[in-house]
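Enquirer: Got a structure here, written out as structure tokens. Questions coming.
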Amino acid sequence: MMRTSLLAPLELSADLTPPLPSARHFASRICDYNQKRKEQSQLQALMVNASSLKVLQHLQPSPFSEKLVGILREEFVKTLFVRRDIRRLRESLKYFDSVREDADALALENRVTGTWWSDVKDVMYDVDDIVDFLRAHSYKQRCCDRVLFSRLAQLPLDYRIARRIKYVNERLVQITMNSKMFVPLAMRSPQTLQRNGVSRYVAALVDELDVVGREIKETTDDMVQMIIGCGHQSTISVYGILGMGGIGKTTLAQKIYNDRRIRERFHHVLIWLSISESISETDLLKEAIEKAGGQSYQGKSKDQLLQALLNCITGQSIFLVLDNMTSSHIWIDLLRSPIERCADAHVLVTTRSRDVLSQMNAIHVHEVHKLKNMMAWNFFRSFRTEDEINVFGDIGSQIVKKCDGLPLAIKAVAGVLSSKATKEEWARVLESRWCYEGLPEEIQGPLYLSYNDLSPQLKSCFLWCALMPQNFHIHRDVTYFWIAEGFVKKEGSRPIQEVAEDYYHELIMRNLLQARPEYIDKGISTMHDLLRLLGQYLTRDEAVFMDEDETPPNVRRLAVGNAVEEIPGIQDQKNLRCLLVYHHDACRSVKRDIYRKLEHLRILILVGAGLQSIPESVGHLVLLRLLDVSCNEEIKQLPGSIGNLTCLEYLSVSGCEKLASLPASLMTLSTISFLNIVFQDGTGGFRLDELDSLSKIRRLLLIKLEKASPPASPVLCNKRHLKELGLTCTMGEEADCRTSYEDSEVKNIEEIYNKLCPSRNLQYIFIDGFPGDAFPKWLSSEPQDTLPNLAHLHFNH
């Protein structure tokens, strides 16, 4: 079998005008090529042997060094020079592996160390890019039929890669010299905290609302009685919960909001709105409409949304929670006017600012104070077993005192101790360093401690979540983002998605993510704003949530907030690995060839970005693993160049209502693991039988199935990796209104569902909108036999 080149084959176009070389020229080039290949193979045989790989395998593992060992084993590394320089690079990374744990902490306090460490991390990103480019281009060549020209182009491209690796090696040498000259020689001994991988121990989920002591229960009861005791009145009553960050304001507000008496008194309209600096007025109105039982749609103006909200709440009794209010303008300029139209309105506000409550004319303010010693201890005990308290109680009480009565700090430290099984480990937590001069005061102590105890993989995943907007709902899908970034470490033969889901649940167990209680599978979580602040501070030079028109140079990850009018100079961010745009039209006017310049992108999220089309240049993103263009209503087609994205694992086009078809090249991408697509009218659309080519599909969401045609034979039967299946038919705009289907249409839909026969490995089924009279046979007849692994079954409409 002929070997393939390192990089992409020489692209030929029908538009090229120069004449083709002569046959003699080709013959000469091929002879030269074959001779060089023979010599190269001999050199390779001499240099690559079992002993060299054995040495490499005994080095300290890290995500970067493991990648380098991997590519040395793979056949597409051809030349002696590439192998030699990769081995040199691998040796250099031993130093990086030995200091990376302490360097992060030292960089906070020492500016020189911080500069040096930033240079090291830049090189690590370069290494990651080189390895991924090698693999992506090699895979592309194996799929390419332009064999002759790719071979002719091979050697120059091999040497070009070698030069790039050589340059990285030279940079590492210089950085090492700088460390000897400028960085303190006495880098601290290894951290006293023992860093752990993902723990297999899962603590029982604690409802903190029930364990924070008698005082908060009494406060809840007092405030509920005050609210329901006011009776019906035409004026708005505002109540405030005041306190510092992490003190438990939201916890108290949730306790009141979920109280049975409140829900009985305001059973028509209860609205909870989490306020953040980045949320737009239109998004806030849409959320309020949905919470009030109405329907909001993309693209409506502020005036239209205000009218829709009025239609939902006028004349009603309403209980509204405004969580995390930092200023009063949201209330005064936006919400007060429609709320005044209610027959009876009570508003509960949580804030750190007394001025906000004064400007909102609060009639009662409850100030939340730090937990007293006994209450703090009881709160901590709720996260640990009785045996642990009996054995480690003396150390645990000292740890709790260092948390200074802050519930968030106690939860964070309890998360650290969840992976400590001995008294010695608890003592090391107590004696470890809790504070660093370089950190802002509000994220000192237990919060940084809880981060610092994570394994390198979990640290990366936690920091990535901090890139999300404030109060953002973090779905289980975030695991695909972590995989796309290369944060997840393979564990034997386990699917990498399962390992990533372990990471997600580990962060919840450690209280660094908070699972939303209404989701029994912990499928949606949030991050406390102080933990988000910690993550954003630690990655301030690499990852930016952009809520103002300014972007630092050399940023690797960029999320765009609603407050940003446009993204300035995005084409200059050539090292960008991740671009996130949610419900913002900032990308509508970007240049069509911009993706040629963003060649390092692994993740591209353009949800609700006002796009009318996806340019062909997206096909140049050969490293792209995750693409989400959902809720772009004007997109009519995806470019054929999407078939060039040979690394693509995740694609979502949900909400692209005018998307008539999918390119045929999409189904050639055997790497697809997550697919969310919408069917449309027309013979040129996507066909269900095309799903047979997706051998690695794990999560499949099919929308508007009433527009599909039944496949000739059952599909999905052999999809042994498929764990989650979502099936949706349109059921009308109102929640209680079914779209009217003719009998023939209903029969067609039932036939489609019967042909979507999943494998026995399926764990989740979501059926949203089903007008048929009987469920498909594979679901209705002895499902415990046909789907023995089914754990979650959701029906809606």
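Naming works like this for the structure tokens: A, B, ... for the chains as they're shown, residue 1 at the start of each chain, ligands 1 onward in shown order.
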Which of segment 229-415 of chain A counts as helix (DSSP H, G or I) under DSSP, as a ChimeraX atom specification please?

Expert: /A:229,249-257,260-265,281-291,302-313,329-339,354-359,373-381,386-402,407-415

Enquirer: Which neighbours of Leu417 of chain A fall inside 9 Å, counting only C-alpha atoms, when residues of the same chain fewer than 5 positions from it are skipped, and could you give them as an MDAnalysis selection string?

Expert: chainID A and resid 384 412 425:426 429 510

Enquirer: If you count only C-alpha atoms, which residues fall within 10 Å of segment 666-670 of chain A, apart from same-chain ones fewer than 3 positions away, as a ChimeraX atom specification?

Expert: /A:143,638-649,651,662-663,673,686,690-697

Enquirer: Excluding same-chain residues fewer than 3 positions from His369 of chain A, what lies within 9 Å of it counting only C-alpha atoms, as a list in words?

Expert: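 In the requested form, the answer reads Leu242, Gly243, Met244, Ile247, Gly248, Lys372, Gly405 and Leu406 of chain A.
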
Enquirer: If we count only C-alpha atoms, what is near Gly445 of chain A at a cut-off of 8 Å, once residues fewer than 3 positions away on the same chain are taken out, given as a list in words?

Expert: Cys403, Trp434, Cys435, Tyr448 and Leu449 of chain A

Enquirer: With C-alpha atoms retained, could you export that selection as a JSON list (two decimals), in the first residue's frame?

Expert:
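Produced file out_23.json, reproduced below:
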[["chain", "number", "residue", "atom", "x", "y", "z"],
["A", 403, "CYS", "CA", -14.41, 29.60, 55.29],
["A", 434, "TRP", "CA", -5.34, 29.27, 50.77],
["A", 435, "CYS", "CA", -4.50, 32.77, 49.58],
["A", 448, "TYR", "CA", -9.15, 29.14, 44.55],
["A", 449, "LEU", "CA", -8.41, 26.13, 46.75]]

Enquirer: Show which residues sit within 12 Å of Lys401 of chain A, as JSON, numbers by chain. Count only C-alpha atoms, and ignore same-chain residues fewer than 3 positions away.

Expert: {"A": [370, 371, 372, 373, 374, 375, 376, 377, 380, 394, 395, 396, 397, 398, 404, 405, 406, 407, 409, 410, 413, 430, 445, 446]}

Enquirer: For Val120 of chain A, find every residue with an atom within 9 Å (counting only C-alpha atoms), except residues of its own chain fewer than 4 positions away, and show them as a JSON list (two decimals) with C-alpha atoms, in the first residue's frame.

Expert:
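Okay, around_2.json is ready:
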[["chain", "number", "residue", "atom", "x", "y", "z"],
["A", 96, "PHE", "CA", 6.96, 21.64, 31.21],
["A", 115, "THR", "CA", 5.42, 36.41, 31.45],
["A", 116, "TRP", "CA", 7.61, 33.32, 31.15],
["A", 124, "MET", "CA", 2.07, 24.41, 23.95],
["A", 125, "TYR", "CA", -0.77, 25.73, 21.82],
["A", 171, "ARG", "CA", 11.49, 28.82, 21.01],
["A", 172, "LEU", "CA", 11.49, 26.29, 23.85],
["A", 175, "ILE", "CA", 12.20, 30.08, 26.99]]

Enquirer: Of the candidates A:Thr526, A:Gln295, A:Ser450, A:Asn169, which one gets nearest to Ala308 of chain A if we count only C-alpha atoms?

Expert: A:Gln295

Enquirer: Distance atom CA of Lys411 of chain A-atom CA of Thr251 of chain A, one decimal place?

Expert: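 Between these atoms lies a distance of 12.7 Å.
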
Enquirer: As a PyMOL selection string, please: every residue in segment 561-657 of chain A that DSSP puts in strand (DSSP E).

Expert: chain A and resi 578-582+603-607+626-628+650-652

Enquirer: Grab the residues selected above and save them as a short mmCIF file (atom, residue, chain, number, x, y, z; two decimals), in the first residue's frame with N, CA and C atoms.

Expert:
data_model
loop_
_atom_site.label_atom_id
_atom_site.label_comp_id
_atom_site.auth_asym_id
_atom_site.auth_seq_id
_atom_site.Cartn_x
_atom_site.Cartn_y
_atom_site.Cartn_z
N CYS A 578 -11.69 28.98 19.47
CA CYS A 578 -13.09 28.84 19.85
C CYS A 578 -13.78 30.19 19.73
N LEU A 579 -14.86 30.26 18.95
CA LEU A 579 -15.64 31.49 18.80
C LEU A 579 -17.10 31.17 19.11
N LEU A 580 -17.66 31.89 20.09
CA LEU A 580 -19.03 31.66 20.54
C LEU A 580 -19.84 32.93 20.38
N VAL A 581 -20.90 32.86 19.60
CA VAL A 581 -21.84 33.98 19.45
C VAL A 581 -23.24 33.45 19.68
N TYR A 582 -23.92 33.97 20.71
CA TYR A 582 -25.27 33.52 21.02
C TYR A 582 -26.25 34.67 20.86
N ILE A 603 -13.92 25.15 17.45
CA ILE A 603 -15.32 25.31 17.83
C ILE A 603 -15.85 26.61 17.22
N LEU A 604 -16.97 26.52 16.52
CA LEU A 604 -17.61 27.69 15.92
C LEU A 604 -19.10 27.65 16.24
N ILE A 605 -19.54 28.55 17.12
CA ILE A 605 -20.94 28.64 17.52
C ILE A 605 -21.48 29.99 17.05
N LEU A 606 -22.46 29.94 16.15
CA LEU A 606 -23.08 31.16 15.63
C LEU A 606 -24.59 31.01 15.77
N VAL A 607 -25.07 30.89 16.99
CA VAL A 607 -26.48 30.66 17.27
C VAL A 607 -27.22 31.99 17.25
N LEU A 626 -16.62 21.20 15.98
CA LEU A 626 -17.96 21.49 16.47
C LEU A 626 -18.50 22.73 15.76
N LEU A 627 -19.65 22.59 15.10
CA LEU A 627 -20.28 23.68 14.35
C LEU A 627 -21.75 23.74 14.71
N ASP A 628 -22.19 24.90 15.23
CA ASP A 628 -23.59 25.11 15.59
C ASP A 628 -24.06 26.43 14.98
N TYR A 650 -19.61 17.38 15.67
CA TYR A 650 -20.85 17.95 16.21
C TYR A 650 -21.40 18.95 15.21
N LEU A 651 -22.66 18.77 14.80
CA LEU A 651 -23.31 19.71 13.88
C LEU A 651 -24.75 19.90 14.31
N SER A 652 -25.14 21.18 14.46
CA SER A 652 -26.53 21.50 14.79
C SER A 652 -27.02 22.60 13.87
#

Enquirer: Which is closer to Pro517 of chain A than all the others in A:Ser613, A:Leu357, A:Asn258, A:Arg625, using only C-alpha atoms?

Expert: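 Of the candidates, the smallest distance to Pro517 of chain A is held by A:Asn258.
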
Enquirer: Using only C-alpha atoms, pick whichever of A:Leu252, A:Leu598, A:Ile330, A:Leu309 has the shortest atom-to-atom distance to Ser280 of chain A.

Expert: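 Looking at the shortest contact to Ser280 of chain A, the residue is A:Ile330.
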
Enquirer: As an exercise, work out the distance from atom CA of Ser630 of chain A to atom CA of Arg602 of chain A in Å and give it to one decimal place.

Expert: 17.3 Å

Enquirer: Grab the atom CA of Pro771 of chain A to atom CA of Val678 of chain A distance for me, in Å with one decimal place.

Expert: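 Pair atom CA of Pro771 of chain A / atom CA of Val678 of chain A returns 17.8 Å.
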
Enquirer: Between A:Asp323, A:Glu431, A:Glu386, A:Asp453, which residue has the minimum interatomic distance to Thr351 of chain A, considering only C-alpha atoms?

Expert: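 Smallest separation from Thr351 of chain A among the options: A:Asp323.
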